[in-house]
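Here's structure.cif, which has mmCIF, C-alpha atoms and all ligand atoms:
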data_query
loop_
_atom_site.label_atom_id
_atom_site.label_comp_id
_atom_site.auth_asym_id
_atom_site.auth_seq_id
_atom_site.Cartn_x
_atom_site.Cartn_y
_atom_site.Cartn_z
CA MET A 1 38.05 -76.41 -170.39
CA ASN A 2 34.50 -76.92 -171.65
CA ARG A 3 33.47 -76.18 -175.22
CA SER A 4 32.06 -72.68 -174.50
CA GLU A 5 35.27 -71.71 -172.68
CA GLU A 6 37.34 -73.01 -175.57
CA LEU A 7 35.28 -71.06 -178.12
CA PHE A 8 35.35 -67.92 -175.96
CA THR A 9 39.14 -68.06 -175.73
CA ARG A 10 39.35 -68.29 -179.52
CA ALA A 11 36.72 -65.58 -180.04
CA GLN A 12 38.60 -63.08 -177.85
CA ARG A 13 41.55 -63.34 -180.22
CA VAL A 14 39.59 -62.20 -183.25
CA THR A 15 36.74 -60.11 -181.83
CA PRO A 16 36.81 -57.36 -179.18
CA GLY A 17 35.77 -59.09 -175.96
CA GLY A 18 34.90 -62.21 -177.94
CA VAL A 19 31.38 -61.01 -178.79
CA HIS A 20 29.51 -58.91 -181.33
CA SER A 21 27.28 -57.08 -178.85
CA PRO A 22 28.60 -56.24 -175.36
CA VAL A 23 25.95 -57.80 -173.10
CA ARG A 24 26.67 -61.23 -174.62
CA ALA A 25 30.10 -61.26 -172.94
CA PHE A 26 28.49 -61.92 -169.50
CA GLY A 27 30.36 -58.87 -168.14
CA MET A 28 27.43 -58.00 -165.84
CA VAL A 29 27.13 -61.52 -164.40
CA GLY A 30 30.67 -62.89 -164.65
CA GLY A 31 31.75 -66.27 -165.99
CA THR A 32 32.06 -67.53 -169.54
CA PRO A 33 29.28 -66.77 -172.02
CA LEU A 34 27.37 -69.76 -173.31
CA PHE A 35 28.01 -70.44 -176.99
CA ILE A 36 24.72 -71.50 -178.50
CA GLU A 37 24.58 -74.26 -181.06
CA SER A 38 20.88 -74.51 -181.73
CA ALA A 39 17.51 -73.45 -180.42
CA HIS A 40 13.99 -74.79 -180.70
CA ALA A 41 10.69 -73.51 -179.27
CA ALA A 42 11.60 -72.24 -175.76
CA ARG A 43 14.89 -74.07 -175.46
CA LEU A 44 18.51 -73.35 -176.25
CA THR A 45 21.23 -75.95 -176.68
CA CYS A 46 24.74 -74.74 -176.00
CA ALA A 47 28.00 -75.98 -177.50
CA ASP A 48 28.50 -78.36 -174.57
CA GLY A 49 25.22 -80.08 -175.40
CA ARG A 50 23.41 -78.75 -172.32
CA GLU A 51 19.82 -77.60 -172.76
CA TYR A 52 18.38 -74.43 -171.20
CA LEU A 53 14.87 -73.10 -170.85
CA ASP A 54 15.24 -69.71 -172.52
CA PHE A 55 13.67 -66.56 -171.05
CA CYS A 56 15.95 -64.16 -172.91
CA MET A 57 14.60 -65.18 -176.32
CA ALA A 58 17.16 -63.20 -178.32
CA PHE A 59 16.14 -60.06 -176.38
CA GLY A 60 12.67 -59.88 -177.80
CA PRO A 61 12.15 -60.71 -181.48
CA LEU A 62 11.01 -64.30 -180.91
CA ILE A 63 7.47 -63.82 -179.66
CA LEU A 64 6.57 -67.10 -181.39
CA GLY A 65 9.57 -68.96 -179.93
CA HIS A 66 12.65 -70.31 -181.71
CA THR A 67 12.19 -71.93 -185.14
CA ASP A 68 8.44 -71.41 -185.29
CA PRO A 69 7.28 -73.86 -187.99
CA ASP A 70 5.25 -71.30 -190.00
CA VAL A 71 8.06 -68.75 -190.03
CA SER A 72 10.57 -71.45 -190.81
CA THR A 73 8.59 -72.77 -193.83
CA ALA A 74 8.08 -69.25 -195.21
CA VAL A 75 11.76 -68.34 -194.77
CA ILE A 76 13.03 -71.50 -196.46
CA ALA A 77 10.74 -70.87 -199.44
CA ALA A 78 11.96 -67.23 -199.58
CA VAL A 79 15.60 -68.36 -199.64
CA HIS A 80 14.82 -70.57 -202.63
CA ARG A 81 13.36 -67.56 -204.48
CA GLY A 82 16.50 -65.47 -203.94
CA TRP A 83 17.77 -63.69 -200.83
CA SER A 84 18.68 -60.20 -201.95
CA TYR A 85 17.65 -58.08 -204.92
CA GLY A 86 18.52 -54.49 -204.04
CA ALA A 87 15.30 -53.67 -205.86
CA ALA A 88 11.60 -53.24 -205.11
CA ASP A 89 9.63 -56.40 -204.35
CA ALA A 90 6.14 -57.38 -203.21
CA ILE A 91 6.99 -58.87 -199.80
CA SER A 92 8.00 -55.56 -198.21
CA LEU A 93 4.88 -54.03 -199.79
CA GLU A 94 2.68 -56.69 -198.18
CA LEU A 95 4.31 -56.18 -194.80
CA ALA A 96 3.92 -52.39 -194.97
CA GLU A 97 0.28 -52.75 -196.10
CA LEU A 98 -0.49 -55.20 -193.32
CA ILE A 99 0.84 -52.77 -190.73
CA ALA A 100 -0.87 -49.70 -192.19
CA ARG A 101 -4.16 -51.62 -192.41
CA HIS A 102 -4.11 -52.54 -188.72
CA ILE A 103 -2.66 -49.38 -187.18
CA ASP A 104 -4.88 -46.55 -188.34
CA TRP A 105 -2.57 -43.62 -187.62
CA VAL A 106 0.21 -45.12 -189.75
CA ASP A 107 0.17 -44.05 -193.41
CA ARG A 108 3.70 -44.96 -194.43
CA VAL A 109 6.41 -47.38 -193.30
CA ARG A 110 10.10 -47.39 -194.20
CA PHE A 111 12.07 -50.57 -193.44
CA VAL A 112 15.67 -50.45 -192.24
CA ASN A 113 18.00 -53.09 -190.74
CA SER A 114 17.93 -52.49 -186.97
CA GLY A 115 16.29 -50.58 -184.17
CA THR A 116 19.32 -48.31 -183.97
CA GLU A 117 18.95 -47.39 -187.61
CA ALA A 118 15.23 -46.73 -187.16
CA VAL A 119 15.89 -44.33 -184.27
CA MET A 120 18.72 -42.59 -186.14
CA THR A 121 16.38 -41.98 -189.08
CA ALA A 122 13.47 -40.90 -186.88
CA LEU A 123 15.63 -38.24 -185.22
CA ARG A 124 16.91 -36.93 -188.56
CA LEU A 125 13.35 -36.85 -189.87
CA ALA A 126 12.08 -34.96 -186.80
CA ARG A 127 14.87 -32.40 -187.16
CA ALA A 128 14.04 -31.85 -190.81
CA VAL A 129 10.30 -31.57 -190.21
CA THR A 130 10.64 -29.05 -187.36
CA GLY A 131 13.76 -27.21 -188.51
CA ARG A 132 15.16 -27.61 -184.97
CA ASP A 133 18.37 -29.30 -183.76
CA LYS A 134 17.84 -30.56 -180.23
CA VAL A 135 16.18 -33.78 -179.12
CA LEU A 136 15.17 -34.87 -175.64
CA LYS A 137 15.43 -38.39 -174.24
CA PHE A 138 14.72 -39.86 -170.81
CA ASP A 139 17.21 -41.27 -168.33
CA GLY A 140 16.67 -45.04 -168.25
CA CYS A 141 15.47 -45.37 -171.85
CA TYR A 142 17.71 -47.04 -174.42
CA HIS A 143 17.38 -46.20 -178.09
CA GLY A 144 20.25 -48.11 -179.69
CA HIS A 145 23.77 -46.91 -180.33
CA THR A 146 23.35 -43.96 -182.66
CA ASP A 147 25.62 -41.13 -181.42
CA ALA A 148 22.77 -38.80 -180.47
CA MET A 149 21.38 -41.40 -178.03
CA LEU A 150 24.68 -42.42 -176.36
CA ILE A 151 24.39 -39.54 -173.96
CA ARG A 152 24.23 -39.36 -170.19
CA ALA A 153 22.72 -36.78 -167.88
CA GLY A 154 25.19 -34.15 -166.74
CA SER A 155 25.17 -31.89 -163.74
CA GLY A 156 24.36 -28.19 -163.85
CA LEU A 157 21.68 -26.83 -166.15
CA ALA A 158 18.43 -28.79 -166.28
CA GLY A 159 18.70 -31.34 -169.06
CA ALA A 160 22.45 -30.78 -169.61
CA THR A 161 24.31 -33.81 -170.94
CA SER A 162 27.67 -35.32 -171.86
CA PRO A 163 28.77 -38.23 -174.10
CA ASP A 164 28.17 -41.70 -172.63
CA SER A 165 30.62 -43.42 -174.96
CA ALA A 166 34.11 -42.61 -176.13
CA GLY A 167 33.94 -41.41 -179.71
CA VAL A 168 30.76 -39.39 -179.28
CA THR A 169 31.53 -35.68 -179.60
CA THR A 170 30.47 -32.99 -177.18
CA GLY A 171 28.96 -31.30 -180.23
CA VAL A 172 26.53 -34.22 -180.56
CA SER A 173 25.84 -34.48 -176.84
CA GLY A 174 25.08 -30.75 -176.75
CA ASP A 175 22.07 -31.40 -178.97
CA THR A 176 20.60 -34.12 -176.75
CA LEU A 177 18.81 -33.20 -173.52
CA ILE A 178 17.91 -35.69 -170.81
CA ALA A 179 14.94 -35.66 -168.45
CA PRO A 180 14.09 -38.12 -165.66
CA LEU A 181 11.22 -40.56 -166.19
CA ASP A 182 8.06 -40.18 -164.11
CA ASP A 183 8.55 -36.43 -163.58
CA GLU A 184 6.36 -34.14 -165.67
CA MET A 185 7.49 -31.01 -163.78
CA GLN A 186 11.13 -31.50 -164.78
CA LEU A 187 10.13 -32.18 -168.35
CA ALA A 188 8.04 -29.02 -168.48
CA ARG A 189 10.96 -27.03 -167.03
CA ILE A 190 13.48 -28.35 -169.58
CA LEU A 191 11.14 -27.78 -172.51
CA GLU A 192 10.49 -24.25 -171.30
CA GLN A 193 14.20 -23.55 -170.91
CA HIS A 194 14.77 -24.70 -174.50
CA ARG A 195 11.57 -23.27 -176.00
CA GLY A 196 11.63 -23.38 -179.78
CA GLU A 197 14.79 -25.54 -179.93
CA ILE A 198 13.53 -29.11 -179.47
CA ALA A 199 12.69 -31.14 -182.56
CA ALA A 200 11.55 -34.28 -180.79
CA VAL A 201 10.97 -35.98 -177.48
CA ILE A 202 11.80 -39.67 -177.74
CA ILE A 203 10.61 -42.20 -175.18
CA GLU A 204 10.14 -45.91 -174.71
CA PRO A 205 6.52 -45.59 -173.59
CA LEU A 206 7.09 -48.73 -171.51
CA PRO A 207 10.81 -48.48 -170.72
CA ALA A 208 12.27 -51.99 -170.87
CA ASN A 209 16.01 -51.50 -171.10
CA HIS A 210 16.96 -50.49 -167.58
CA GLY A 211 14.65 -52.90 -165.90
CA LEU A 212 10.96 -52.71 -166.70
CA LEU A 213 9.82 -49.25 -165.62
CA PRO A 214 6.05 -48.84 -166.19
CA GLN A 215 5.11 -45.18 -166.53
CA ARG A 216 1.95 -43.60 -165.11
CA ASP A 217 -0.71 -42.91 -167.75
CA ALA A 218 -0.84 -39.31 -166.50
CA PHE A 219 2.89 -38.92 -167.07
CA LEU A 220 2.67 -40.21 -170.66
CA GLN A 221 -0.32 -37.94 -171.28
CA SER A 222 1.74 -34.99 -169.99
CA VAL A 223 4.63 -35.94 -172.29
CA ALA A 224 2.24 -35.90 -175.25
CA GLU A 225 0.60 -32.63 -174.19
CA LEU A 226 3.93 -30.89 -173.58
CA CYS A 227 5.14 -32.02 -177.01
CA ARG A 228 2.03 -30.51 -178.56
CA ALA A 229 2.42 -27.27 -176.58
CA HIS A 230 6.06 -26.92 -177.70
CA ALA A 231 5.47 -28.14 -181.28
CA ALA A 232 8.05 -30.90 -180.72
CA LEU A 233 7.40 -34.27 -182.36
CA LEU A 234 6.68 -37.22 -180.05
CA ILE A 235 8.63 -40.35 -180.98
CA PHE A 236 7.57 -43.62 -179.39
CA ASP A 237 10.47 -46.05 -179.54
CA GLU A 238 8.59 -49.34 -179.65
CA VAL A 239 11.51 -51.51 -180.72
CA ILE A 240 10.68 -53.83 -177.80
CA THR A 241 7.00 -53.10 -177.18
CA GLY A 242 5.84 -52.92 -180.81
CA PHE A 243 3.67 -55.97 -181.67
CA ARG A 244 4.45 -57.43 -178.23
CA LEU A 245 1.73 -56.03 -175.99
CA GLY A 246 -0.85 -56.05 -178.75
CA PHE A 247 -0.51 -55.48 -182.48
CA GLY A 248 -0.57 -51.70 -182.00
CA GLY A 249 2.06 -51.82 -179.24
CA TYR A 250 2.06 -49.40 -176.33
CA ALA A 251 0.58 -46.63 -178.49
CA GLN A 252 -2.57 -48.71 -178.78
CA GLN A 253 -2.54 -49.70 -175.11
CA SER A 254 -2.08 -46.14 -173.84
CA GLY A 255 -4.36 -44.50 -176.39
CA ILE A 256 -1.59 -41.99 -177.16
CA THR A 257 -0.73 -41.49 -180.82
CA PRO A 258 2.91 -40.55 -181.35
CA ASP A 259 4.05 -38.52 -184.36
CA ILE A 260 6.65 -41.15 -185.26
CA VAL A 261 7.10 -44.73 -184.11
CA THR A 262 10.23 -46.86 -184.37
CA TRP A 263 10.06 -50.65 -184.48
CA GLY A 264 12.54 -53.50 -184.53
CA LYS A 265 12.81 -57.03 -183.13
CA ILE A 266 9.37 -58.71 -183.69
CA ILE A 267 8.81 -56.87 -186.98
CA GLY A 268 11.63 -58.98 -188.44
CA GLY A 269 10.66 -62.23 -186.70
CA GLY A 270 14.27 -62.68 -185.53
CA PHE A 271 15.93 -61.39 -188.71
CA PRO A 272 17.61 -57.95 -188.93
CA VAL A 273 14.77 -55.49 -189.49
CA GLY A 274 13.82 -52.11 -188.10
CA ALA A 275 11.18 -49.64 -189.27
CA ILE A 276 10.00 -46.06 -188.97
CA ALA A 277 6.34 -45.26 -189.41
CA ALA A 278 4.21 -42.14 -189.25
CA ARG A 279 1.59 -40.05 -191.04
CA ALA A 280 2.22 -39.26 -194.71
CA ASP A 281 2.99 -35.57 -194.09
CA ILE A 282 5.92 -36.57 -191.88
CA MET A 283 7.15 -39.64 -193.76
CA ASP A 284 7.12 -37.89 -197.13
CA HIS A 285 10.09 -35.82 -196.01
CA LEU A 286 12.17 -38.98 -196.60
CA ALA A 287 14.05 -39.48 -199.87
CA PRO A 288 13.24 -40.03 -202.67
CA VAL A 289 10.11 -37.87 -202.12
CA GLY A 290 11.60 -35.44 -199.63
CA ARG A 291 14.98 -34.05 -198.68
CA VAL A 292 15.88 -36.31 -195.74
CA TYR A 293 18.38 -38.84 -197.01
CA GLN A 294 18.06 -42.44 -195.88
CA ALA A 295 19.04 -45.64 -197.71
CA GLY A 296 20.28 -49.23 -197.28
CA THR A 297 21.77 -51.94 -199.51
CA LEU A 298 20.06 -54.67 -197.51
CA SER A 299 16.97 -52.69 -196.41
CA ALA A 300 13.73 -54.68 -196.75
CA ASN A 301 15.73 -57.82 -197.45
CA PRO A 302 13.20 -60.32 -198.83
CA VAL A 303 14.09 -63.14 -196.42
CA ALA A 304 13.87 -60.83 -193.40
CA MET A 305 10.61 -59.32 -194.71
CA THR A 306 9.18 -62.82 -195.15
CA ALA A 307 10.04 -63.71 -191.55
CA GLY A 308 8.41 -60.48 -190.36
CA LEU A 309 5.32 -61.02 -192.47
CA ALA A 310 4.89 -64.64 -191.32
CA THR A 311 5.33 -63.55 -187.69
CA LEU A 312 2.88 -60.65 -187.84
CA ARG A 313 0.29 -62.70 -189.73
CA LYS A 314 0.46 -65.38 -187.07
CA LEU A 315 0.10 -62.76 -184.33
CA LEU A 316 -3.04 -61.46 -186.02
CA ALA A 317 -4.52 -64.89 -186.65
CA GLY A 318 -4.51 -66.37 -183.18
CA ASP A 319 -5.15 -65.49 -179.55
CA THR A 320 -1.47 -64.87 -179.03
CA TYR A 321 -1.76 -61.78 -176.87
CA ALA A 322 -4.37 -63.36 -174.58
CA GLU A 323 -2.18 -66.48 -174.29
CA LEU A 324 0.88 -64.43 -173.45
CA GLU A 325 -1.01 -62.40 -170.85
CA SER A 326 -2.23 -65.62 -169.27
CA LEU A 327 1.32 -67.03 -169.14
CA GLY A 328 2.54 -63.79 -167.60
CA GLN A 329 -0.22 -63.91 -164.99
CA GLN A 330 0.69 -67.50 -164.12
CA LEU A 331 4.31 -66.51 -163.65
CA GLU A 332 3.21 -63.69 -161.35
CA THR A 333 0.84 -65.90 -159.36
CA HIS A 334 3.39 -68.69 -158.84
CA PHE A 335 6.05 -66.19 -157.85
CA GLU A 336 3.75 -64.39 -155.39
CA GLU A 337 2.68 -67.70 -153.83
CA GLN A 338 6.26 -68.52 -153.00
CA ARG A 339 7.37 -65.05 -152.07
CA ALA A 340 6.83 -65.48 -148.34
CA GLY A 341 9.43 -68.27 -148.27
CA GLN A 342 12.17 -66.19 -149.86
CA ALA A 343 15.08 -65.21 -147.65
CA GLU A 344 16.14 -62.41 -149.98
CA GLY A 345 13.16 -60.22 -150.86
CA ALA A 346 12.34 -59.77 -154.52
CA ARG A 347 9.43 -58.83 -156.67
CA LEU A 348 8.32 -59.18 -160.22
CA GLN A 349 7.43 -56.19 -162.41
CA ARG A 350 5.49 -57.41 -165.42
CA ALA A 351 3.60 -56.12 -168.44
CA GLY A 352 2.12 -58.84 -170.65
CA SER A 353 4.98 -61.08 -171.74
CA LEU A 354 7.74 -58.77 -170.44
CA PHE A 355 9.00 -59.32 -166.92
CA TRP A 356 11.74 -58.14 -164.61
CA PHE A 357 12.81 -59.61 -161.27
CA VAL A 358 14.00 -56.97 -158.86
CA PRO A 359 15.89 -58.54 -156.00
CA GLY A 360 16.14 -56.97 -152.61
CA SER A 361 13.46 -54.30 -152.90
CA ASP A 362 10.32 -53.20 -151.07
CA ASP A 363 6.84 -52.98 -152.52
CA GLY A 364 5.78 -50.13 -154.79
CA VAL A 365 6.23 -49.89 -158.53
CA ILE A 366 9.70 -48.81 -159.68
CA ARG A 367 9.23 -46.19 -162.38
CA SER A 368 12.58 -44.45 -162.69
CA THR A 369 16.25 -45.38 -162.51
CA HIS A 370 16.92 -43.77 -159.13
CA GLN A 371 14.28 -46.01 -157.52
CA ILE A 372 16.13 -49.20 -158.50
CA PRO A 373 17.72 -50.61 -155.35
CA GLU A 374 21.50 -50.85 -155.41
CA SER A 375 21.19 -54.53 -154.43
CA ALA A 376 19.61 -55.33 -157.82
CA GLY A 377 22.99 -55.22 -159.54
CA ARG A 378 24.87 -56.81 -156.65
CA LEU A 379 22.61 -59.86 -156.21
CA TYR A 380 21.89 -60.62 -159.84
CA PRO A 381 25.10 -62.47 -160.82
CA ASP A 382 24.49 -65.13 -158.14
CA ILE A 383 20.84 -65.44 -159.11
CA PHE A 384 21.69 -65.70 -162.80
CA HIS A 385 24.27 -68.46 -162.29
CA ALA A 386 22.13 -70.39 -159.80
CA LEU A 387 19.32 -70.45 -162.38
CA LEU A 388 21.75 -71.45 -165.10
CA GLU A 389 22.74 -74.45 -162.99
CA ARG A 390 19.04 -75.35 -162.83
CA GLY A 391 18.85 -75.20 -166.64
CA ILE A 392 17.21 -71.77 -166.92
CA TYR A 393 18.67 -68.96 -169.04
CA LEU A 394 17.71 -65.39 -168.09
CA PRO A 395 19.19 -62.30 -169.79
CA PRO A 396 22.81 -61.92 -168.63
CA SER A 397 22.25 -58.50 -167.08
CA PRO A 398 20.25 -57.29 -164.06
CA TYR A 399 18.75 -54.52 -166.19
CA GLU A 400 17.56 -56.53 -169.18
CA VAL A 401 13.98 -57.77 -169.05
CA GLY A 402 12.82 -61.36 -169.55
CA PHE A 403 10.61 -62.39 -172.46
CA LEU A 404 7.83 -64.95 -172.70
CA SER A 405 6.79 -66.45 -176.03
CA ILE A 406 3.94 -68.65 -177.17
CA ALA A 407 6.44 -71.52 -177.20
CA HIS A 408 6.60 -71.33 -173.38
CA THR A 409 4.18 -73.50 -171.43
CA ALA A 410 2.45 -73.19 -168.08
CA GLU A 411 4.99 -75.73 -166.73
CA ASP A 412 7.86 -73.58 -168.00
CA VAL A 413 6.73 -70.47 -166.13
CA GLU A 414 5.98 -72.52 -163.01
CA ARG A 415 9.49 -73.92 -163.20
CA LEU A 416 10.94 -70.42 -163.51
CA ALA A 417 8.96 -69.11 -160.53
CA ALA A 418 9.89 -72.10 -158.38
CA ALA A 419 13.58 -71.92 -159.32
CA MET A 420 13.68 -68.17 -158.71
CA SER A 421 12.08 -68.54 -155.30
CA ALA A 422 14.38 -71.42 -154.35
CA VAL A 423 17.41 -69.37 -155.34
CA LEU A 424 16.23 -66.30 -153.46
C1 LIG B 1 13.79 -49.53 -177.25
C2 LIG B 1 14.96 -49.87 -178.12
N1 LIG B 1 15.33 -49.02 -179.08
C3 LIG B 1 16.35 -49.28 -179.90
C4 LIG B 1 17.07 -50.45 -179.77
C5 LIG B 1 18.19 -50.74 -180.72
O1 LIG B 1 17.81 -51.78 -181.55
P1 LIG B 1 18.93 -52.69 -182.28
O2 LIG B 1 19.61 -53.45 -181.20
O3 LIG B 1 18.12 -53.55 -183.22
O4 LIG B 1 19.82 -51.75 -183.00
C6 LIG B 1 16.74 -51.36 -178.78
C7 LIG B 1 17.50 -52.60 -178.60
O5 LIG B 1 17.38 -53.32 -177.65
C8 LIG B 1 15.65 -51.07 -177.93
O6 LIG B 1 15.27 -51.92 -176.97
#
Using C-alpha cells, write down the structure from this file.
Ligand SMILES: Cc1ncc(COP(=O)(O)O)c(C=O)c1O
Amino acid sequence: MNRSEELFTRAQRVTPGGVHSPVRAFGMVGGTPLFIESAHAARLTCADGREYLDFCMAFGPLILGHTDPDVSTAVIAAVHRGWSYGAADAISLELAELIARHIDWVDRVRFVNSGTEAVMTALRLARAVTGRDKVLKFDGCYHGHTDAMLIRAGSGLAGATSPDSAGVTTGVSGDTLIAPLDDEMQLARILEQHRGEIAAVIIEPLPANHGLLPQRDAFLQSVAELCRAHAALLIFDEVITGFRLGFGGYAQQSGITPDIVTWGKIIGGGFPVGAIAARADIMDHLAPVGRVYQAGTLSANPVAMTAGLATLRKLLAGDTYAELESLGQQLETHFEEQRAGQAEGARLQRAGSLFWFVPGSDDGVIRSTHQIPESAGRLYPDIFHALLERGIYLPPSPYEVGFLSIAHTAEDVERLAAAMSAVL
C-alpha cells in the first residue's frame, strides 16, 4: 500500500468518503485520491514524494500559482499581527476600495467565506429587493451547495424542477426554475409563464462547472434584456471567472452589467473568501443598514483578506492577463498541431486561462449540456490516469475545467499538449 492509499483508508474511517469535498474522492475517475503534502509554483508533491505538474490549481483560486512569494510574505506578516478579530479592520476596507475603484458599477462589497455563501446571500438579497420568491438558474451552471441551487430540471411544465440532493425540500425546489443554456426562446417562455414571480436570474456568464460552455454574446444580451423586461435582477456568478479573464471578469469582457455579482476563489488568493457586490441601492438592503440579515464570525478574516489584497494588487500591477492569454494560446496551438495524430478525437475549448478537453467529439463549440458527447465521461478516467502516470495532474472529473496560472511556463503547456495527444 502506498502512502496515499494508507491515508485514504484512515480518512474513510473518520470522514464520509475520506474527503471534505466530493470531487476530491476521485469518484469520477476511479482509483485512490492523491494526498498532497506540499505545493510550489505549478507543482504538487504528494505524500509518496512524487511530483506532479498541476493544472487543477485548487479549482481556480491560484491564478498566481502555489505559494506566490508576494502573497506568502504578506500572509506571514498578517499572521504575526493577529489572525482573527471579529471586528472591523483596514485590510478588508482596502480590498473593498480596490475593487470598487477598478469596477465602476460596483459601489459596495460584502465579504463572506465561500462562493456558496455569496450565492446564498445574493439570492436572499434579490428576493428582498424585488419582493418575489422564485429564482431561475440554467442547466449546466453550478452555484455552490446552497439548497436553492441544488435543483435539477424536471419534466412537465417549462422550467419545472425537483431537488438534486437528498435533504433539499420540494418547497425549496418549487421556488427554483431551470432553463437550458444557449436558448433565449425557452428563457423567454419560462419568464412569461412566471411573469411577476421571478426575483432573479442567476448565471455563470461563462459556465465552467460542467465543462467550459462559452455562451453566444447574443444569448447573454437576451438574458440581460429579458431580466430588464421582467424586472428580475440579473446575478452574474463569477466565482470562477471573476478576476480571471480580466480584473472585471466576464462582466467586463461581455460589456453586460449585472445587478449583483458573486465572487470567490481568486478574491481570497487561495484562502476562504467569497463576496457579493452591487450598486448601493441594492447592497444597502443588507444588515445592518437594511433588513436582509447576513453575518459571519470569520467573515473578512484579516489573513484571508491580506491574501486576496496581495493577489489582486499583483494582478493589477503586471501583464498577467496578457501572459495567461498567451499561455492559453500556446496550449491551443500545440494541441491543434498534434491533433491529426490522435486516434481518439478530442478538442480543446478555451477562454483565457480556462480550458477543457472534450474527448471523442466533432467540431463546433459545445454551449449546453445536451451537446456534450456521452464519450466525454466514459473516456476521461483513462485519460486522467494516463496523464497522472506522466506526472500531470488534471481535475479529477471530466466536467471540471483546467486552470493555467502565471507560475506555468511555455514548456509546461507544451508538455501538457504533447502528453494529452500521446494519450489520445
Ligand atoms: C460558479 C461557482 N459558483 C459557486 C461556487 C461555490 O463556491 P465554493 O466552493 O467556494 O462554495 C463555485 C465553486 O466551484 C463556482 O464555480
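Residue nearest ligand LIG 1 (chain B) within the list A:Arg216, A:Arg127, A:His102, A:His210: A:His210 [criterion: smallest interatomic distance, all atoms listed in the file].
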Would you list the residues that come within 9 Å of ligand LIG 1 (chain B)? Count only C-alpha atoms and all ligand atoms and give the answer as a PDB file with C-alpha atoms, keeping the file's coordinate frame.
ATOM      1  CA  SER A  21      27.280 -57.080-178.850  1.00  0.00           C
ATOM      2  CA  PHE A  59      16.140 -60.060-176.380  1.00  0.00           C
ATOM      3  CA  GLY A  60      12.670 -59.880-177.800  1.00  0.00           C
ATOM      4  CA  ASN A 113      18.000 -53.090-190.740  1.00  0.00           C
ATOM      5  CA  SER A 114      17.930 -52.490-186.970  1.00  0.00           C
ATOM      6  CA  GLY A 115      16.290 -50.580-184.170  1.00  0.00           C
ATOM      7  CA  THR A 116      19.320 -48.310-183.970  1.00  0.00           C
ATOM      8  CA  GLU A 117      18.950 -47.390-187.610  1.00  0.00           C
ATOM      9  CA  ALA A 118      15.230 -46.730-187.160  1.00  0.00           C
ATOM     10  CA  VAL A 119      15.890 -44.330-184.270  1.00  0.00           C
ATOM     11  CA  CYS A 141      15.470 -45.370-171.850  1.00  0.00           C
ATOM     12  CA  TYR A 142      17.710 -47.040-174.420  1.00  0.00           C
ATOM     13  CA  HIS A 143      17.380 -46.200-178.090  1.00  0.00           C
ATOM     14  CA  GLY A 144      20.250 -48.110-179.690  1.00  0.00           C
ATOM     15  CA  HIS A 145      23.770 -46.910-180.330  1.00  0.00           C
ATOM     16  CA  THR A 146      23.350 -43.960-182.660  1.00  0.00           C
ATOM     17  CA  ILE A 203      10.610 -42.200-175.180  1.00  0.00           C
ATOM     18  CA  GLU A 204      10.140 -45.910-174.710  1.00  0.00           C
ATOM     19  CA  LEU A 206       7.090 -48.730-171.510  1.00  0.00           C
ATOM     20  CA  PRO A 207      10.810 -48.480-170.720  1.00  0.00           C
ATOM     21  CA  ALA A 208      12.270 -51.990-170.870  1.00  0.00           C
ATOM     22  CA  ASN A 209      16.010 -51.500-171.100  1.00  0.00           C
ATOM     23  CA  PHE A 236       7.570 -43.620-179.390  1.00  0.00           C
ATOM     24  CA  ASP A 237      10.470 -46.050-179.540  1.00  0.00           C
ATOM     25  CA  GLU A 238       8.590 -49.340-179.650  1.00  0.00           C
ATOM     26  CA  VAL A 239      11.510 -51.510-180.720  1.00  0.00           C
ATOM     27  CA  ILE A 240      10.680 -53.830-177.800  1.00  0.00           C
ATOM     28  CA  THR A 241       7.000 -53.100-177.180  1.00  0.00           C
ATOM     29  CA  THR A 262      10.230 -46.860-184.370  1.00  0.00           C
ATOM     30  CA  TRP A 263      10.060 -50.650-184.480  1.00  0.00           C
ATOM     31  CA  GLY A 264      12.540 -53.500-184.530  1.00  0.00           C
ATOM     32  CA  LYS A 265      12.810 -57.030-183.130  1.00  0.00           C
ATOM     33  CA  PRO A 272      17.610 -57.950-188.930  1.00  0.00           C
ATOM     34  CA  VAL A 273      14.770 -55.490-189.490  1.00  0.00           C
ATOM     35  CA  GLY A 274      13.820 -52.110-188.100  1.00  0.00           C
TER      36      GLY A 274
END
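Between atom CA of Gly391 of chain A and atom CA of Ala47 of chain A the interatomic distance comes to 14.2 Å.
If you measure from each of A:Leu324, A:Leu136, A:Leu95, A:Leu348 to Ala410 of chain A using all atoms listed in the file, the closest one turns out to be A:Leu324.
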Where does segment 67-148 of chain A meet segment 369-388 of chain A within 12 Å, residue by residue, with the nearest atom pair and distance in Å to one decimal for each, counting only C-alpha atoms, listed by chain and rising number, as CSV?
residue,atom,partner,partner_atom,distance
A:Phe138,CA,A:Thr369,CA,10.1
A:Asp139,CA,A:Thr369,CA,7.2
A:Gly140,CA,A:Thr369,CA,5.8
A:Cys141,CA,A:Thr369,CA,9.4
Generate a file of the selected residues that holds C-alpha atoms, formatted as a PDB file, in the coordinates of the input.
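So the final result, stored in out04.pdb, reads:
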ATOM      1  CA  PHE A 138      14.720 -39.860-170.810  1.00  0.00           C
ATOM      2  CA  ASP A 139      17.210 -41.270-168.330  1.00  0.00           C
ATOM      3  CA  GLY A 140      16.670 -45.040-168.250  1.00  0.00           C
ATOM      4  CA  CYS A 141      15.470 -45.370-171.850  1.00  0.00           C
TER       5      CYS A 141
END
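Interatomic distance, atom CA of Leu312 of chain A to atom CA of Pro288 of chain A: 27.4 Å.
Among A:Leu125, A:Ile91, A:Ala199, A:Leu233, the residue with the shortest atom-to-atom distance to Ala287 of chain A, counting all atoms listed in the file, is A:Leu125.
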At a cut-off of 12 Å, using only C-alpha atoms, what residues contact Ala317 of chain A? Leave out same-chain residues fewer than 6 positions from it and give the result as a PDB file with C-alpha atoms, keeping the file's coordinate frame.
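Once everything was written out, this is around.pdb:
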ATOM      1  CA  PHE A 247      -0.510 -55.480-182.480  1.00  0.00           C
ATOM      2  CA  ALA A 310       4.890 -64.640-191.320  1.00  0.00           C
ATOM      3  CA  THR A 311       5.330 -63.550-187.690  1.00  0.00           C
TER       4      THR A 311
END
Please write out, as AutoDock Vina command-line options, where the centre of an axis-aligned box around all listed atoms of segment 369-373 of chain A lies and how long its edges are, in Å to one decimal, after adding 4 Å on each side.
--center_x 16.0 --center_y -47.2 --center_z -158.9 --size_x 11.4 --size_y 14.8 --size_z 15.2
